[in-house]
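Novice: Just one file: input.tsv, with TSV, C-alpha atoms and all ligand atoms.
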```
chain	number	residue	atom	x	y	z
A	460	MET	CA	51.22	9.58	17.41
A	461	THR	CA	52.71	11.71	20.14
A	462	LEU	CA	50.67	12.71	23.14
A	463	ARG	CA	50.82	16.31	21.98
A	464	ALA	CA	49.47	15.42	18.52
A	465	ALA	CA	46.72	13.33	20.08
A	466	ALA	CA	45.72	16.23	22.32
A	467	ALA	CA	45.63	18.55	19.30
A	468	GLY	CA	43.41	16.05	17.50
A	469	VAL	CA	40.98	15.96	20.41
A	470	ALA	CA	40.93	19.76	20.52
A	471	LEU	CA	40.21	19.94	16.78
A	472	SER	CA	37.40	17.39	17.12
A	473	ALA	CA	35.88	19.44	19.93
A	474	LEU	CA	36.10	22.53	17.73
A	475	ALA	CA	34.40	20.71	14.86
A	476	LEU	CA	31.60	19.58	17.17
A	477	ALA	CA	31.20	23.10	18.51
A	478	ALA	CA	31.04	24.46	14.97
A	479	ALA	CA	28.38	21.92	14.02
A	480	ALA	CA	26.34	22.73	17.11
A	481	CYS	CA	26.49	26.44	16.31
A	482	ALA	CA	25.53	26.05	12.67
A	483	PRO	CA	22.68	28.39	11.75
A	484	ALA	CA	19.23	26.86	11.55
A	485	GLY	CA	18.61	25.35	8.16
A	486	ALA	CA	22.28	24.82	7.35
A	487	ALA	CA	22.75	21.44	5.75
A	488	ASP	CA	25.48	18.95	6.59
A	489	ARG	CA	25.47	17.84	2.98
A	490	THR	CA	23.75	18.29	-0.37
A	491	VAL	CA	22.29	15.37	-2.29
A	492	GLU	CA	21.29	15.72	-5.92
A	493	VAL	CA	18.33	13.73	-7.14
A	494	THR	CA	17.23	13.48	-10.75
A	495	ILE	CA	13.71	12.62	-11.80
A	496	ARG	CA	13.66	10.77	-15.07
A	497	HIS	CA	10.79	8.79	-16.61
A	498	SER	CA	8.83	9.15	-13.36
A	499	ARG	CA	11.58	7.64	-11.20
A	500	PHE	CA	13.90	9.09	-8.59
A	501	VAL	CA	17.57	8.58	-9.36
A	502	PRO	CA	18.88	7.58	-6.89
A	503	ALA	CA	15.80	6.24	-5.12
A	504	ASP	CA	17.37	4.80	-1.99
A	505	PHE	CA	19.30	6.76	0.60
A	506	THR	CA	21.07	6.22	3.89
A	507	PHE	CA	21.70	9.06	6.33
A	508	THR	CA	23.01	9.42	9.84
A	509	GLU	CA	20.61	10.19	12.66
A	510	GLY	CA	20.55	13.93	13.28
A	511	SER	CA	21.96	14.88	9.90
A	512	THR	CA	20.49	17.75	7.92
A	513	VAL	CA	20.40	17.13	4.19
A	514	ARG	CA	19.72	19.58	1.40
A	515	PHE	CA	18.04	17.82	-1.52
A	516	VAL	CA	18.33	19.44	-4.93
A	517	VAL	CA	15.78	17.71	-7.13
A	518	ARG	CA	15.93	18.12	-10.88
A	519	ASN	CA	12.86	17.12	-12.85
A	520	THR	CA	13.90	16.23	-16.40
A	521	ASP	CA	10.41	15.00	-17.33
A	522	PRO	CA	7.85	16.98	-19.35
A	523	ILE	CA	5.32	16.53	-16.49
A	524	ASP	CA	5.19	17.83	-12.91
A	525	HIS	CA	6.32	15.70	-9.96
A	526	GLU	CA	6.62	15.77	-6.18
A	527	PHE	CA	9.37	14.81	-3.76
A	528	LEU	CA	7.73	14.10	-0.41
A	529	ILE	CA	9.63	12.65	2.54
A	530	GLY	CA	7.70	10.93	5.30
A	531	ASP	CA	6.71	7.69	6.97
A	532	GLN	CA	4.04	5.38	5.57
A	533	ALA	CA	1.25	7.30	7.30
A	534	ALA	CA	2.45	10.54	5.72
A	535	GLN	CA	2.70	8.87	2.32
A	536	ASP	CA	-0.85	7.54	2.71
A	537	ALA	CA	-2.07	11.01	3.67
A	538	HIS	CA	-0.49	12.45	0.53
A	539	GLU	CA	-1.80	9.63	-1.66
A	540	TYR	CA	-5.36	10.26	-0.53
A	541	GLY	CA	-4.93	13.94	0.29
A	542	THR	CA	-5.91	16.96	-1.69
A	543	GLU	CA	-2.95	19.34	-1.35
A	544	PRO	CA	-2.37	20.65	-4.87
A	545	SER	CA	1.24	21.67	-4.31
A	546	HIS	CA	3.99	21.40	-1.74
A	547	GLY	CA	6.78	23.56	-0.42
A	548	ALA	CA	5.66	24.86	2.96
A	549	ARG	CA	6.99	21.94	5.02
A	550	PRO	CA	10.62	20.71	5.12
A	551	GLY	CA	11.07	17.62	2.98
A	552	GLU	CA	8.07	18.31	0.79
A	553	ILE	CA	8.33	19.96	-2.60
A	554	SER	CA	6.57	20.05	-5.93
A	555	ILE	CA	8.83	20.22	-8.97
A	556	SER	CA	7.32	21.56	-12.16
A	557	ALA	CA	8.18	19.94	-15.47
A	558	GLY	CA	11.73	20.68	-16.53
A	559	THR	CA	12.69	22.60	-13.40
A	560	SER	CA	14.67	22.10	-10.20
A	561	SER	CA	13.62	22.67	-6.63
A	562	GLU	CA	15.21	22.06	-3.26
A	563	THR	CA	14.28	21.25	0.28
A	564	THR	CA	16.28	20.76	3.46
A	565	PHE	CA	15.31	18.05	5.93
A	566	THR	CA	16.71	16.93	9.28
A	567	PHE	CA	16.57	13.21	9.99
A	568	GLY	CA	15.79	13.27	13.69
A	569	GLN	CA	15.59	9.60	14.55
A	570	VAL	CA	16.75	6.18	13.50
A	571	GLY	CA	14.30	4.33	11.29
A	572	THR	CA	13.02	4.00	7.76
A	573	LEU	CA	11.29	6.76	5.88
A	574	LEU	CA	9.92	6.86	2.39
A	575	VAL	CA	10.05	9.41	-0.37
A	576	GLY	CA	7.41	9.54	-3.03
A	577	CYS	CA	5.39	11.40	-5.60
A	578	HIS	CA	1.63	11.29	-5.19
A	579	LEU	CA	0.36	12.89	-8.32
A	580	PRO	CA	-2.33	10.55	-9.68
A	581	GLY	CA	-0.85	7.14	-10.48
A	582	HIS	CA	2.78	8.05	-9.80
A	583	TRP	CA	3.20	6.19	-6.48
A	584	ASP	CA	1.63	3.04	-7.90
A	585	TYR	CA	3.79	3.35	-10.98
A	586	GLY	CA	6.82	3.17	-8.71
A	587	MET	CA	7.74	6.77	-8.10
A	588	ARG	CA	9.04	6.13	-4.62
A	589	GLY	CA	12.17	5.40	-2.67
A	590	SER	CA	13.40	4.59	0.80
A	591	ILE	CA	15.47	6.48	3.31
A	592	GLU	CA	17.34	4.53	5.96
A	593	VAL	CA	18.31	6.62	8.98
A	594	ARG	CA	21.01	5.00	11.12
B	601	CU	CU	5.51	12.08	-10.13
```
Give the structure from the file, written as structure tokens.
Ligand SMILES: [Cu+2]
Specialist:
Amino acid sequence: MTLRAAAAGVALSALALAAAACAPAGAADRTVEVTIRHSRFVPADFTFTEGSTVRFVVRNTDPIDHEFLIGDQAAQDAHEYGTEPSHGARPGEISISAGTSSETTFTFGQVGTLLVGCHLPGHWDYGMRGSIEVR
């Protein structure tokens, strides 16, 4: 690579970074499609980069309602024993009625492991959960 080409590459990278930094609030870096089938998330395990904003489009193919709730163990416990009838007000938390699709956009702010689950009665224990690794 010539010096000139290398310099152009650096300039383009700087432009890309600037564009990312100026992205409007709520703009996702990527879209991930999740299907709910037989009370399971498909896929159920995810890996994302720290700081990335992901738009989840969740399609519920079951004849019953479900939830897609992102959070740490404490948040999952709160939902499991909580009383919120439906979700949608907070990023990363949605209810998906039978046979419909819904979406939510979530920013993974720090490295660690999060969980995703459905807490309608019996669903979490049945195995309606997954893990999110943030690197
Ligand atoms: Cu469910």
Novice: At a cut-off of 7 Å and counting all atoms listed in the file, what residues surround ligand CU 601 (chain B)? Please answer as an NGL selection string.
Specialist: :A and (498 or 524-526 or 577-579 or 582 or 587)
Novice: Can you work out which one of A:Ser590, A:Ser556, A:Thr566, A:Gln535 has the shortest atom-to-atom distance to A:Val501, counting only C-alpha atoms?
Specialist: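 With only C-alpha atoms as the atom set, the closest residue is A:Ser590.
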Novice: Using only C-alpha atoms, pick whichever of A:Gly558, A:Gly589, A:Gly581, A:Gly571 has the shortest atom-to-atom distance to A:Asp521.
Specialist: A:Gly558
Novice: Neighbourhood query: residues within 9 Å of (15.4, 15.2, 10.3), file coordinates, counting all atoms listed in the file; return as a PyMOL selection string.
Specialist: chain A and resi 509-513+550-551+564-569
Novice: Any idea what's packed within 12 Å of A:Ser554, counting all atoms listed in the file, ignoring anything in its chain fewer than 2 positions away? Could you give it as a VMD selection string?
Specialist: chain A and resid 495 516 to 519 523 to 529 543 to 552 556 to 563 576 to 579
Novice: When you draw a straight line from atom CA of A:Pro580 to atom CA of A:Glu539, how long is it in Å?
Specialist: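 According to the coordinates, atom CA of A:Pro580 and atom CA of A:Glu539 are separated by 8.1 Å.
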Novice: Could you tell me how far atom CA of A:Ala503 lies from atom CA of A:Arg588, in Å and to one decimal?
Specialist: 6.8 Å
Novice: I'd like the interatomic distance between atom CA of A:Phe515 and atom CA of A:Gly541, to a tenth of an Å.
Specialist: 23.4 Å
Novice: Got a sec: who's within 9 Å of A:Gln532, counting all atoms listed in the file, leaving out chain neighbours fewer than 5 positions off, as an NGL selection string?
Specialist: :A and (537 or 573-574)
Novice: Which residue out of A:Thr506, A:Thr520, A:Arg594, A:Phe500 has the minimum interatomic distance to A:Val575 when only C-alpha atoms are used?
Specialist: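 Of A:Thr506, A:Thr520, A:Arg594, A:Phe500, the one nearest A:Val575, counting only C-alpha atoms, is A:Phe500.
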Novice: Extract, using only C-alpha atoms, all DNA, RNA and protein residues at most 8 Å from A:Thr572, discarding same-chain residues fewer than 3 positions from it, and format them as a PyMOL selection string.
Specialist: chain A and resi 531+590-593
Novice: Between A:Val570, A:Val491, A:Tyr585, A:Ile553, which residue has the minimum interatomic distance to A:Arg514, considering only C-alpha atoms?
Specialist: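 Closest to A:Arg514 of all the choices is A:Val491.
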